[in-house]
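Chemist: One file: structure21.cif (mmCIF, C-alpha atoms).
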```cif
data_coords
#
loop_
_atom_site.group_PDB
_atom_site.id
_atom_site.type_symbol
_atom_site.label_atom_id
_atom_site.label_comp_id
_atom_site.auth_asym_id
_atom_site.auth_seq_id
_atom_site.Cartn_x
_atom_site.Cartn_y
_atom_site.Cartn_z
ATOM 1 C CA MET A 1 0.000 0.000 0.000
ATOM 2 C CA ALA A 2 1.336 3.453 -0.947
ATOM 3 C CA SER A 3 2.042 6.011 1.752
ATOM 4 C CA VAL A 4 -0.138 9.124 1.916
ATOM 5 C CA LEU A 5 1.725 12.269 0.948
ATOM 6 C CA GLN A 6 1.291 15.477 2.943
ATOM 7 C CA LEU A 7 1.502 18.195 0.297
ATOM 8 C CA PRO A 8 1.918 21.877 1.234
ATOM 9 C CA ILE A 9 -1.266 23.940 1.500
ATOM 10 C CA ILE A 10 -1.240 27.382 -0.134
ATOM 11 C CA ASP A 11 -3.896 29.915 0.912
ATOM 12 C CA LEU A 12 -4.620 32.196 -2.038
ATOM 13 C CA SER A 13 -6.561 34.627 0.170
ATOM 14 C CA SER A 14 -3.443 35.574 2.156
ATOM 15 C CA GLN A 15 -2.441 39.226 1.881
ATOM 16 C CA ASP A 16 1.231 38.379 2.451
ATOM 17 C CA ARG A 17 2.232 37.728 -1.167
ATOM 18 C CA THR A 18 5.918 37.440 -0.298
ATOM 19 C CA SER A 19 5.231 34.648 2.178
ATOM 20 C CA VAL A 20 2.868 32.884 -0.242
ATOM 21 C CA ALA A 21 5.434 33.123 -3.047
ATOM 22 C CA PHE A 22 8.097 31.633 -0.772
ATOM 23 C CA SER A 23 5.777 28.749 0.174
ATOM 24 C CA ILE A 24 4.991 28.070 -3.500
ATOM 25 C CA HIS A 25 8.702 28.142 -4.323
ATOM 26 C CA GLN A 26 9.437 25.513 -1.676
ATOM 27 C CA ALA A 27 6.498 23.345 -2.754
ATOM 28 C CA CYS A 28 7.669 23.410 -6.380
ATOM 29 C CA LEU A 29 11.202 22.501 -5.313
ATOM 30 C CA ASP A 30 10.171 19.641 -3.064
ATOM 31 C CA TYR A 31 7.124 18.162 -4.795
ATOM 32 C CA GLY A 32 6.023 20.020 -7.921
ATOM 33 C CA PHE A 33 2.547 19.772 -6.329
ATOM 34 C CA PHE A 34 0.570 21.702 -3.728
ATOM 35 C CA TYR A 35 -2.990 22.232 -2.515
ATOM 36 C CA LEU A 36 -4.663 25.582 -3.174
ATOM 37 C CA ILE A 37 -7.392 26.758 -0.806
ATOM 38 C CA ASN A 38 -9.525 29.915 -0.745
ATOM 39 C CA HIS A 39 -9.016 30.183 -4.490
ATOM 40 C CA GLY A 40 -12.206 32.126 -5.152
ATOM 41 C CA VAL A 41 -14.100 29.600 -7.284
ATOM 42 C CA GLU A 42 -17.533 29.283 -5.694
ATOM 43 C CA ASP A 43 -18.497 25.979 -4.076
ATOM 44 C CA GLU A 44 -21.830 26.101 -5.884
ATOM 45 C CA LEU A 45 -20.098 26.370 -9.264
ATOM 46 C CA LEU A 46 -17.845 23.401 -8.474
ATOM 47 C CA GLU A 47 -20.924 21.354 -7.572
ATOM 48 C CA ARG A 48 -22.620 22.321 -10.842
ATOM 49 C CA VAL A 49 -19.535 21.400 -12.859
ATOM 50 C CA PHE A 50 -19.479 17.901 -11.384
ATOM 51 C CA ASP A 51 -23.233 17.538 -11.778
ATOM 52 C CA GLU A 52 -23.095 18.526 -15.460
ATOM 53 C CA SER A 53 -20.052 16.310 -16.006
ATOM 54 C CA ARG A 54 -21.929 13.299 -14.594
ATOM 55 C CA LYS A 55 -24.888 14.063 -16.845
ATOM 56 C CA PHE A 56 -22.712 14.094 -19.941
ATOM 57 C CA PHE A 57 -20.773 10.928 -19.166
ATOM 58 C CA SER A 58 -24.068 9.179 -18.348
ATOM 59 C CA LEU A 59 -25.323 9.714 -21.890
ATOM 60 C CA PRO A 60 -25.442 6.721 -24.273
ATOM 61 C CA ILE A 61 -22.153 6.174 -26.074
ATOM 62 C CA GLU A 62 -23.873 6.998 -29.379
ATOM 63 C CA GLU A 63 -24.656 10.503 -28.126
ATOM 64 C CA LYS A 64 -21.159 11.048 -26.770
ATOM 65 C CA MET A 65 -19.499 9.860 -29.979
ATOM 66 C CA LYS A 66 -21.375 12.544 -31.922
ATOM 67 C CA LEU A 67 -18.894 14.870 -30.214
ATOM 68 C CA ALA A 68 -15.795 12.723 -30.816
ATOM 69 C CA ARG A 69 -12.618 14.726 -30.325
ATOM 70 C CA LYS A 70 -11.276 16.818 -33.190
ATOM 71 C CA GLU A 71 -8.967 19.833 -33.063
ATOM 72 C CA HIS A 72 -8.265 18.714 -29.488
ATOM 73 C CA ARG A 73 -11.867 19.476 -28.492
ATOM 74 C CA GLY A 74 -14.631 17.046 -27.624
ATOM 75 C CA TYR A 75 -15.102 13.515 -26.345
ATOM 76 C CA THR A 76 -12.517 10.746 -25.937
ATOM 77 C CA ALA A 77 -13.905 7.303 -25.188
ATOM 78 C CA LEU A 78 -12.943 4.782 -22.536
ATOM 79 C CA TYR A 79 -9.592 3.053 -23.253
ATOM 80 C CA ALA A 80 -8.936 5.305 -26.273
ATOM 81 C CA GLU A 81 -5.807 6.905 -24.772
ATOM 82 C CA LYS A 82 -2.720 5.586 -23.033
ATOM 83 C CA LEU A 83 -0.631 8.280 -21.382
ATOM 84 C CA ASP A 84 2.363 6.016 -20.780
ATOM 85 C CA PRO A 85 3.236 4.239 -24.052
ATOM 86 C CA THR A 86 5.934 2.176 -22.318
ATOM 87 C CA THR A 87 3.451 0.076 -20.328
ATOM 88 C CA SER A 88 3.262 -3.587 -21.307
ATOM 89 C CA THR A 89 -0.529 -3.746 -21.543
ATOM 90 C CA ASP A 90 -2.192 -3.222 -24.919
ATOM 91 C CA ILE A 91 -5.333 -1.709 -23.446
ATOM 92 C CA GLY A 92 -5.693 2.048 -22.979
ATOM 93 C CA ASP A 93 -6.304 3.966 -19.777
ATOM 94 C CA ALA A 94 -9.595 3.340 -17.971
ATOM 95 C CA LYS A 95 -11.044 6.810 -18.353
ATOM 96 C CA GLU A 96 -13.199 8.847 -20.702
ATOM 97 C CA SER A 97 -12.796 12.558 -21.087
ATOM 98 C CA TYR A 98 -14.007 15.760 -22.676
ATOM 99 C CA TYR A 99 -11.780 18.631 -23.841
ATOM 100 C CA ILE A 100 -12.772 22.303 -23.938
ATOM 101 C CA GLY A 101 -10.308 24.749 -25.460
ATOM 102 C CA PRO A 102 -10.036 28.553 -25.547
ATOM 103 C CA LEU A 103 -13.423 30.262 -25.608
ATOM 104 C CA ALA A 104 -14.766 32.660 -28.217
ATOM 105 C CA GLY A 105 -14.117 36.223 -27.115
ATOM 106 C CA ASN A 106 -10.859 35.240 -25.407
ATOM 107 C CA GLU A 107 -8.826 36.866 -28.195
ATOM 108 C CA THR A 108 -8.861 33.669 -30.215
ATOM 109 C CA GLU A 109 -9.464 33.633 -33.965
ATOM 110 C CA ASN A 110 -12.051 30.852 -33.815
ATOM 111 C CA ASP A 111 -13.965 28.929 -31.192
ATOM 112 C CA LEU A 112 -13.318 25.341 -32.233
ATOM 113 C CA ASN A 113 -15.113 23.846 -29.256
ATOM 114 C CA GLN A 114 -17.852 21.259 -29.583
ATOM 115 C CA TRP A 115 -20.816 21.578 -27.248
ATOM 116 C CA PRO A 116 -23.464 19.007 -26.233
ATOM 117 C CA SER A 117 -26.997 19.605 -27.430
ATOM 118 C CA GLY A 118 -28.816 22.296 -25.499
ATOM 119 C CA GLU A 119 -31.904 20.125 -25.574
ATOM 120 C CA LEU A 120 -30.122 17.266 -23.809
ATOM 121 C CA LEU A 121 -28.016 19.368 -21.439
ATOM 122 C CA PRO A 122 -29.409 22.917 -21.307
ATOM 123 C CA SER A 123 -27.070 24.216 -18.567
ATOM 124 C CA TRP A 124 -23.920 22.409 -19.664
ATOM 125 C CA ARG A 125 -22.206 25.000 -21.856
ATOM 126 C CA ALA A 126 -22.855 27.969 -19.563
ATOM 127 C CA THR A 127 -21.561 26.031 -16.561
ATOM 128 C CA MET A 128 -18.351 24.962 -18.269
ATOM 129 C CA GLU A 129 -17.683 28.410 -19.725
ATOM 130 C CA SER A 130 -18.137 29.974 -16.293
ATOM 131 C CA PHE A 131 -15.748 27.496 -14.686
ATOM 132 C CA TYR A 132 -13.200 27.921 -17.502
ATOM 133 C CA LYS A 133 -13.105 31.689 -16.960
ATOM 134 C CA GLN A 134 -12.798 31.402 -13.178
ATOM 135 C CA ALA A 135 -10.107 28.726 -13.385
ATOM 136 C CA LEU A 136 -8.181 30.908 -15.833
ATOM 137 C CA ARG A 137 -8.267 33.818 -13.366
ATOM 138 C CA VAL A 138 -6.982 31.564 -10.595
ATOM 139 C CA GLY A 139 -4.246 30.209 -12.847
ATOM 140 C CA ARG A 140 -3.073 33.702 -13.782
ATOM 141 C CA ARG A 141 -2.861 34.619 -10.070
ATOM 142 C CA ILE A 142 -0.712 31.564 -9.400
ATOM 143 C CA ILE A 143 1.566 32.392 -12.329
ATOM 144 C CA SER A 144 2.159 35.893 -10.939
ATOM 145 C CA LEU A 145 3.085 34.337 -7.582
ATOM 146 C CA LEU A 146 5.383 31.874 -9.354
ATOM 147 C CA ALA A 147 7.124 34.845 -10.979
ATOM 148 C CA LEU A 148 7.681 36.392 -7.548
ATOM 149 C CA ALA A 149 8.889 33.017 -6.283
ATOM 150 C CA LEU A 150 11.528 33.078 -9.047
ATOM 151 C CA ASN A 151 12.713 36.606 -8.151
ATOM 152 C CA LEU A 152 11.023 38.086 -11.199
ATOM 153 C CA ASP A 153 8.528 40.906 -11.653
ATOM 154 C CA GLU A 154 5.035 39.570 -10.882
ATOM 155 C CA ASN A 155 3.931 40.459 -14.432
ATOM 156 C CA PHE A 156 6.974 38.840 -16.061
ATOM 157 C CA PHE A 157 5.096 36.122 -17.953
ATOM 158 C CA GLU A 158 2.566 38.615 -19.281
ATOM 159 C CA LYS A 159 5.364 40.906 -20.461
ATOM 160 C CA ILE A 160 7.051 38.148 -22.478
ATOM 161 C CA GLY A 161 3.771 37.365 -24.248
ATOM 162 C CA ALA A 162 2.876 34.134 -22.475
ATOM 163 C CA PHE A 163 -0.794 35.130 -22.417
ATOM 164 C CA SER A 164 -1.077 37.112 -25.657
ATOM 165 C CA LYS A 165 -3.151 34.377 -27.291
ATOM 166 C CA PRO A 166 -4.568 31.903 -24.772
ATOM 167 C CA SER A 167 -4.037 28.195 -25.369
ATOM 168 C CA ASP A 168 -5.537 26.917 -22.112
ATOM 169 C CA PHE A 169 -7.607 23.723 -21.956
ATOM 170 C CA LEU A 170 -10.242 22.383 -19.596
ATOM 171 C CA ARG A 171 -10.620 18.627 -19.383
ATOM 172 C CA LEU A 172 -13.451 16.706 -17.732
ATOM 173 C CA LEU A 173 -12.547 13.165 -16.681
ATOM 174 C CA HIS A 174 -14.593 10.129 -15.677
ATOM 175 C CA TYR A 175 -13.071 6.938 -14.270
ATOM 176 C CA PRO A 176 -15.558 4.029 -14.050
ATOM 177 C CA GLY A 177 -15.728 2.161 -10.776
ATOM 178 C CA ASP A 178 -16.180 -1.460 -11.862
ATOM 179 C CA LEU A 179 -13.283 -2.876 -13.886
ATOM 180 C CA ARG A 180 -13.501 -6.452 -12.632
ATOM 181 C CA SER A 181 -14.309 -7.872 -16.073
ATOM 182 C CA LEU A 182 -10.845 -7.014 -17.365
ATOM 183 C CA ASP A 183 -8.101 -9.608 -17.218
ATOM 184 C CA GLU A 184 -5.217 -7.140 -17.616
ATOM 185 C CA GLU A 185 -4.050 -4.814 -14.890
ATOM 186 C CA ILE A 186 -4.800 -1.293 -16.076
ATOM 187 C CA LEU A 187 -4.603 2.238 -14.744
ATOM 188 C CA GLY A 188 -7.135 5.024 -14.758
ATOM 189 C CA ALA A 189 -4.409 7.318 -16.070
ATOM 190 C CA SER A 190 -0.979 5.826 -16.636
ATOM 191 C CA ALA A 191 2.192 7.601 -15.513
ATOM 192 C CA HIS A 192 2.841 10.981 -17.129
ATOM 193 C CA SER A 193 3.820 14.567 -16.500
ATOM 194 C CA ASP A 194 1.726 17.496 -17.716
ATOM 195 C CA TRP A 195 2.688 19.544 -20.727
ATOM 196 C CA GLY A 196 2.162 23.231 -19.941
ATOM 197 C CA MET A 197 2.905 25.801 -17.256
ATOM 198 C CA ILE A 198 0.703 24.555 -14.418
ATOM 199 C CA THR A 199 -2.369 22.355 -13.992
ATOM 200 C CA LEU A 200 -5.278 22.960 -11.624
ATOM 201 C CA LEU A 201 -7.140 19.811 -10.623
ATOM 202 C CA VAL A 202 -10.276 19.308 -8.546
ATOM 203 C CA THR A 203 -11.931 15.942 -7.836
ATOM 204 C CA ASN A 204 -15.148 14.559 -6.405
ATOM 205 C CA GLY A 205 -13.269 13.176 -3.402
ATOM 206 C CA ILE A 206 -12.620 9.638 -4.607
ATOM 207 C CA PRO A 207 -8.921 8.719 -4.154
ATOM 208 C CA GLY A 208 -6.609 7.315 -6.797
ATOM 209 C CA LEU A 209 -4.152 10.120 -7.617
ATOM 210 C CA GLN A 210 -0.529 9.187 -6.934
ATOM 211 C CA ILE A 211 2.776 10.972 -7.550
ATOM 212 C CA CYS A 212 6.341 9.773 -7.974
ATOM 213 C CA LYS A 213 8.731 12.481 -6.785
ATOM 214 C CA GLU A 214 11.812 10.951 -8.418
ATOM 215 C CA LYS A 215 11.266 10.212 -12.128
ATOM 216 C CA SER A 216 14.536 8.358 -12.528
ATOM 217 C CA ASP A 217 14.122 5.982 -9.579
ATOM 218 C CA HIS A 218 13.761 2.277 -10.363
ATOM 219 C CA PRO A 219 11.599 0.871 -9.060
ATOM 220 C CA GLN A 220 9.406 3.942 -8.931
ATOM 221 C CA VAL A 221 7.996 4.898 -5.549
ATOM 222 C CA TRP A 222 4.369 6.032 -5.690
ATOM 223 C CA GLU A 223 2.609 7.992 -2.938
ATOM 224 C CA ASP A 224 -1.106 8.721 -2.582
ATOM 225 C CA VAL A 225 -2.377 12.308 -2.723
ATOM 226 C CA ALA A 226 -5.106 12.831 -0.138
ATOM 227 C CA HIS A 227 -8.281 14.773 -0.920
ATOM 228 C CA ILE A 228 -9.040 18.175 0.605
ATOM 229 C CA ASP A 229 -12.624 19.183 -0.013
ATOM 230 C CA LYS A 230 -13.033 22.025 -2.543
ATOM 231 C CA ALA A 231 -9.249 22.556 -2.784
ATOM 232 C CA PHE A 232 -7.434 22.597 -6.089
ATOM 233 C CA ILE A 233 -4.402 20.380 -6.507
ATOM 234 C CA VAL A 234 -1.836 22.396 -8.474
ATOM 235 C CA ASN A 235 1.149 20.885 -10.250
ATOM 236 C CA VAL A 236 4.046 22.151 -12.333
ATOM 237 C CA GLY A 237 4.104 21.309 -16.052
ATOM 238 C CA ASP A 238 6.946 20.495 -18.430
ATOM 239 C CA LEU A 239 7.263 24.038 -19.779
ATOM 240 C CA MET A 240 7.654 25.536 -16.313
ATOM 241 C CA GLU A 241 10.323 22.940 -15.574
ATOM 242 C CA ARG A 242 12.124 24.090 -18.736
ATOM 243 C CA TRP A 243 11.764 27.764 -17.826
ATOM 244 C CA THR A 244 13.253 27.128 -14.372
ATOM 245 C CA ASN A 245 16.197 25.051 -15.637
ATOM 246 C CA CYS A 246 14.699 21.961 -13.964
ATOM 247 C CA LEU A 247 14.571 23.756 -10.605
ATOM 248 C CA PHE A 248 10.813 23.272 -10.313
ATOM 249 C CA ARG A 249 9.588 19.711 -10.764
ATOM 250 C CA SER A 250 7.209 18.544 -13.455
ATOM 251 C CA THR A 251 6.359 15.536 -11.351
ATOM 252 C CA LEU A 252 5.321 12.129 -12.646
ATOM 253 C CA HIS A 253 1.767 11.210 -11.602
ATOM 254 C CA ARG A 254 -0.943 8.664 -12.343
ATOM 255 C CA VAL A 255 -4.451 7.585 -11.315
ATOM 256 C CA ILE A 256 -5.067 4.051 -10.079
ATOM 257 C CA PRO A 257 -8.510 2.371 -9.993
ATOM 258 C CA VAL A 258 -9.933 2.119 -6.470
ATOM 259 C CA GLY A 259 -13.224 0.375 -7.218
ATOM 260 C CA GLU A 260 -15.293 3.564 -7.046
ATOM 261 C CA GLU A 261 -16.514 5.878 -9.764
ATOM 262 C CA ARG A 262 -14.258 8.937 -9.920
ATOM 263 C CA TYR A 263 -14.730 12.339 -11.534
ATOM 264 C CA SER A 264 -12.139 15.062 -11.865
ATOM 265 C CA VAL A 265 -11.740 18.367 -13.672
ATOM 266 C CA ALA A 266 -8.332 19.561 -14.857
ATOM 267 C CA PHE A 267 -7.463 23.023 -16.148
ATOM 268 C CA PHE A 268 -4.197 23.224 -18.114
ATOM 269 C CA LEU A 269 -2.623 26.682 -18.214
ATOM 270 C CA HIS A 270 -0.479 26.904 -21.339
ATOM 271 C CA PRO A 271 1.402 29.875 -22.810
ATOM 272 C CA SER A 272 0.703 31.271 -26.260
ATOM 273 C CA ASP A 273 2.050 29.053 -29.037
ATOM 274 C CA GLU A 274 4.472 31.748 -30.216
ATOM 275 C CA CYS A 275 5.981 32.212 -26.754
ATOM 276 C CA VAL A 276 9.652 31.204 -26.558
ATOM 277 C CA VAL A 277 10.447 29.101 -23.498
ATOM 278 C CA GLU A 278 14.030 29.784 -22.475
ATOM 279 C CA CYS A 279 15.909 29.404 -19.230
ATOM 280 C CA LEU A 280 15.049 32.228 -16.840
ATOM 281 C CA HIS A 281 17.984 34.435 -15.862
ATOM 282 C CA SER A 282 17.177 33.841 -12.188
ATOM 283 C CA CYS A 283 17.543 30.073 -12.681
ATOM 284 C CA CYS A 284 20.961 29.826 -14.292
ATOM 285 C CA SER A 285 24.536 30.899 -13.630
ATOM 286 C CA GLU A 286 28.077 30.018 -14.686
ATOM 287 C CA SER A 287 27.999 27.054 -12.343
ATOM 288 C CA SER A 288 24.463 26.086 -13.411
ATOM 289 C CA PRO A 289 24.126 26.805 -17.157
ATOM 290 C CA PRO A 290 20.882 26.132 -19.073
ATOM 291 C CA ARG A 291 20.278 22.393 -19.359
ATOM 292 C CA LEU A 292 17.704 22.425 -22.169
ATOM 293 C CA LEU A 293 17.343 24.103 -25.545
ATOM 294 C CA ASN A 294 14.919 26.975 -26.057
ATOM 295 C CA VAL A 295 11.570 25.910 -27.538
ATOM 296 C CA HIS A 296 8.377 27.470 -28.801
ATOM 297 C CA ALA A 297 5.439 26.571 -26.588
ATOM 298 C CA ASP A 298 3.561 24.915 -29.444
ATOM 299 C CA ILE A 299 6.028 22.055 -29.950
ATOM 300 C CA LEU A 300 4.852 20.071 -26.951
ATOM 301 C CA PRO A 301 1.756 17.845 -27.048
ATOM 302 C CA LEU A 302 -1.613 19.103 -25.941
ATOM 303 C CA ALA A 303 -3.331 18.093 -22.725
ATOM 304 C CA VAL A 304 -2.855 14.473 -21.747
#
```
Render the structure in this file as structure tokens.
Modeler:
Amino acid sequence: MASVLQLPIIDLSSQDRTSVAFSIHQACLDYGFFYLINHGVEDELLERVFDESRKFFSLPIEEKMKLARKEHRGYTALYAEKLDPTTSTDIGDAKESYYIGPLAGNETENDLNQWPSGELLPSWRATMESFYKQALRVGRRIISLLALALNLDENFFEKIGAFSKPSDFLRLLHYPGDLRSLDEEILGASAHSDWGMITLLVTNGIPGLQICKEKSDHPQVWEDVAHIDKAFIVNVGDLMERWTNCLFRSTLHRVIPVGEERYSVAFFLHPSDECVVECLHSCCSESSPPRLLNVHADILPLAV
């Protein structure tokens, strides 16, 4: 049985931004993960998001497949993805999901999103758009605190054009509870790290999330992440690890089946595609030169 990890808790309502930035810095050094409380997203909205998510995933597969994913938006069926291609099993991850990309009016050229029928789910689109906007605000606040944590101006990432054309994605996830009919051992989400700057995750309270603090360890040591009601779980993505010269961890994580139906909602904060990701001046020196080449943000895969 995996040990239960005690992640740091960050209170976004604190007026002491210097102290909060220091706490985030330490959490990103030690874990690449932390809890976020008092984030400003209303409890009632979170409840509606999970209620609407359940309604969608409860639809017949024929209805869901009408919205099959294209342009990284829409529905992905159970077992259709496998986040860790090195696993020995041939079957995909035991989850189904729904992607929502940048919204119309968010300075994007086109809204490529697919939306369920208003007749079937009349409140679905408005609920998800509202959550997307609130999660984006929270994410931007965290990024400004991350800049302070890295001894940069709090508006540094805005000034370099990271948010000039939003590329953020919301992903709804459903993990079925009963997998006893399968002969192979499978995972809800196989081991992976996230692709962007940071990810905000909220769940319905069912366990299953695990992290591996040391990617290179063999065998890998997995620890359970406990649930805190209404808190976001925030983790560092691959691009932020690049920006910080591998100072902040883009930590390996996975979801294991626990025999109960699990829902989660992930918001992936990603810089504009044209943004150049290069080692921050505060994260390198003569004794610690940049470890990775500069990249444009659009070369990495979308939300996984």
Chemist: Any idea what's packed within 12 Å of Gln114 (chain A), counting all atoms listed in the file, ignoring anything in its chain fewer than 5 positions away? Could you give it as a list in words?
Modeler: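 So the residues in contact are Lys64, Met65, Lys66, Leu67, Ala68, Arg69, Lys70, Glu71, His72, Arg73, Gly74, Tyr75, Tyr98, Tyr99, Ile100, Gly101, Pro102, Leu103, Ala104, Trp124, Arg125 and Met128 of chain A.
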Chemist: May I ask for the distance between CA of Ile256 (chain A) and CA of Leu187 (chain A), given in Å to one decimal place?
Modeler: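 One can read the CA of Ile256 (chain A) to CA of Leu187 (chain A) distance as 5.0 Å.
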Chemist: Write out as a list in words which residues come within 8 Å of Asn151 (chain A) when counting all atoms listed in the file, dropping same-chain ones fewer than 3 positions away.
Modeler: Ala147, Leu148 and Ser282 of chain A
Chemist: Evaluating the PyMOL selection byres ((chain A and resi 90-97) around 10) on the displayed file yields which residues, as a compact mmCIF listing (two decimals) with C-alpha atoms, in the coordinates of the input?
Modeler:
```txt
# COMPACT_ATOMS: atom_id res chain seq x y z
CA SER A 53 -20.05 16.31 -16.01
CA PHE A 57 -20.77 10.93 -19.17
CA ARG A 69 -12.62 14.73 -30.32
CA GLY A 74 -14.63 17.05 -27.62
CA TYR A 75 -15.10 13.52 -26.34
CA THR A 76 -12.52 10.75 -25.94
CA ALA A 77 -13.90 7.30 -25.19
CA LEU A 78 -12.94 4.78 -22.54
CA TYR A 79 -9.59 3.05 -23.25
CA ALA A 80 -8.94 5.30 -26.27
CA GLU A 81 -5.81 6.90 -24.77
CA LYS A 82 -2.72 5.59 -23.03
CA LEU A 83 -0.63 8.28 -21.38
CA ASP A 84 2.36 6.02 -20.78
CA PRO A 85 3.24 4.24 -24.05
CA THR A 87 3.45 0.08 -20.33
CA SER A 88 3.26 -3.59 -21.31
CA THR A 89 -0.53 -3.75 -21.54
CA TYR A 98 -14.01 15.76 -22.68
CA TYR A 99 -11.78 18.63 -23.84
CA ARG A 171 -10.62 18.63 -19.38
CA LEU A 172 -13.45 16.71 -17.73
CA LEU A 173 -12.55 13.16 -16.68
CA HIS A 174 -14.59 10.13 -15.68
CA TYR A 175 -13.07 6.94 -14.27
CA PRO A 176 -15.56 4.03 -14.05
CA GLY A 177 -15.73 2.16 -10.78
CA LEU A 179 -13.28 -2.88 -13.89
CA LEU A 182 -10.84 -7.01 -17.36
CA GLU A 184 -5.22 -7.14 -17.62
CA GLU A 185 -4.05 -4.81 -14.89
CA ILE A 186 -4.80 -1.29 -16.08
CA LEU A 187 -4.60 2.24 -14.74
CA GLY A 188 -7.14 5.02 -14.76
CA ALA A 189 -4.41 7.32 -16.07
CA SER A 190 -0.98 5.83 -16.64
CA VAL A 255 -4.45 7.58 -11.32
CA ILE A 256 -5.07 4.05 -10.08
CA PRO A 257 -8.51 2.37 -9.99
CA ARG A 262 -14.26 8.94 -9.92
CA TYR A 263 -14.73 12.34 -11.53
CA SER A 264 -12.14 15.06 -11.86
CA VAL A 265 -11.74 18.37 -13.67
```
Chemist: With all atoms listed in the file as the atoms that count, which of A:Glu241, A:Asp153, A:Glu214, A:Asp273 lies nearest to Asp194 (chain A)?
Modeler: A:Glu241
Chemist: Could you spell out the hits of the PyMOL selection byres ((chain A and resi 154) around 12) on the shown file, as a list of chain:residue names?
Modeler: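 After applying the PyMOL selection byres ((chain A and resi 154) around 12), what remains is A:Arg17, A:Thr18, A:Ala21, A:Arg140, A:Arg141, A:Ile142, A:Ile143, A:Ser144, A:Leu145, A:Leu146, A:Ala147, A:Leu148, A:Ala149, A:Leu150, A:Asn151, A:Leu152, A:Asp153, A:Asn155, A:Phe156, A:Phe157, A:Glu158, A:Lys159, A:Ile160.
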Chemist: Check which residues satisfy the PyMOL selection byres ((chain A and resi 213) around 8) in the file shown, then give them as a PyMOL selection string.
Modeler: chain A and resi 31+211-212+214-215+221-222+251-252
Chemist: Could you state the separation of CA of Asp51 (chain A) and CA of Ala231 (chain A) in Å, given to one decimal place?
Modeler: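 Answer for the CA of Asp51 (chain A) to CA of Ala231 (chain A) separation: 17.4 Å.
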Chemist: From the options A:Gly105, A:Pro122, A:Gly40, A:Gly139, which residue's atoms come nearest to Val236 (chain A), counting only C-alpha atoms?
Modeler: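 So, comparing all the options, the nearest one is A:Gly139.
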Chemist: Which residue, A:Asn204, A:Ser250, A:Thr199, A:Ser287, has the smallest gap to Lys230 (chain A) when you use only C-alpha atoms?
Modeler: A:Asn204
Chemist: Let me make sure I understand: among A:Arg54, A:Arg48, A:His192, A:His270, which one has the smallest atom-to-atom distance to Glu129 (chain A) if we use all atoms listed in the file?
Modeler: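 The closest residue to Glu129 (chain A) is A:Arg48.
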Chemist: Using all atoms listed in the file, which of A:Leu36, A:Ala191, A:Ile198, A:Val277 sits nearest His253 (chain A)?
Modeler: A:Ala191
Chemist: If I take CA of Cys284 (chain A) and CA of Asn245 (chain A), how far is one from the other in Å, to one decimal?
Modeler: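 Taking CA of Cys284 (chain A) as the start and CA of Asn245 (chain A) as the end point, the length is 6.9 Å.
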Chemist: Pick the closest to Ile206 (chain A) from A:Glu261, A:Thr244, A:Asp168, A:Ser272: which is it, counting all atoms listed in the file?
Modeler: A:Glu261
Chemist: Please write as a compact mmCIF listing (two decimals) with C-alpha atoms, in the coordinates of the input the list of polymer residues whose atoms come within 7 Å of (0.9, 22.8, -6.5), counting only C-alpha atoms and keeping to the coordinates of the file.
Modeler:
```txt
# COMPACT_ATOMS: atom_id res chain seq x y z
CA ALA A 27 6.50 23.34 -2.75
CA CYS A 28 7.67 23.41 -6.38
CA GLY A 32 6.02 20.02 -7.92
CA PHE A 33 2.55 19.77 -6.33
CA PHE A 34 0.57 21.70 -3.73
CA TYR A 35 -2.99 22.23 -2.52
CA ILE A 233 -4.40 20.38 -6.51
CA VAL A 234 -1.84 22.40 -8.47
CA ASN A 235 1.15 20.88 -10.25
CA VAL A 236 4.05 22.15 -12.33
```
Chemist: Write out as a PyMOL selection string each polymer residue whose atoms come within 10 Å of Leu120 (chain A), counting only C-alpha atoms; drop sequence neighbours fewer than 5 positions from it.
Modeler: chain A and resi 55-56+59+63
Chemist: If you count all atoms listed in the file, which residues fall within 12 Å of region 288-290 of chain A, apart from same-chain ones fewer than 2 positions away, as a ChimeraX atom specification?
Modeler: /A:241-247,277-286,292-294
Chemist: Output region 193-199 of chain A with N, CA and C atoms present, as a CSV table (one decimal), in the coordinates of the input.
Modeler:
```
chain,number,residue,atom,x,y,z
A,193,SER,N,3.7,13.2,-17.0
A,193,SER,CA,3.8,14.6,-16.5
A,193,SER,C,3.0,15.4,-17.4
A,194,ASP,N,2.6,16.6,-16.9
A,194,ASP,CA,1.7,17.5,-17.7
A,194,ASP,C,2.6,18.4,-18.6
A,195,TRP,N,2.0,19.0,-19.6
A,195,TRP,CA,2.7,19.5,-20.7
A,195,TRP,C,2.9,21.0,-20.6
A,196,GLY,N,2.1,21.8,-19.9
A,196,GLY,CA,2.2,23.2,-19.9
A,196,GLY,C,2.9,23.9,-18.8
A,197,MET,N,2.3,25.0,-18.3
A,197,MET,CA,2.9,25.8,-17.3
A,197,MET,C,2.5,25.2,-15.9
A,198,ILE,N,1.2,25.2,-15.6
A,198,ILE,CA,0.7,24.6,-14.4
A,198,ILE,C,-0.6,23.9,-14.7
A,199,THR,N,-1.1,23.0,-13.9
A,199,THR,CA,-2.4,22.4,-14.0
A,199,THR,C,-3.1,22.6,-12.7
```
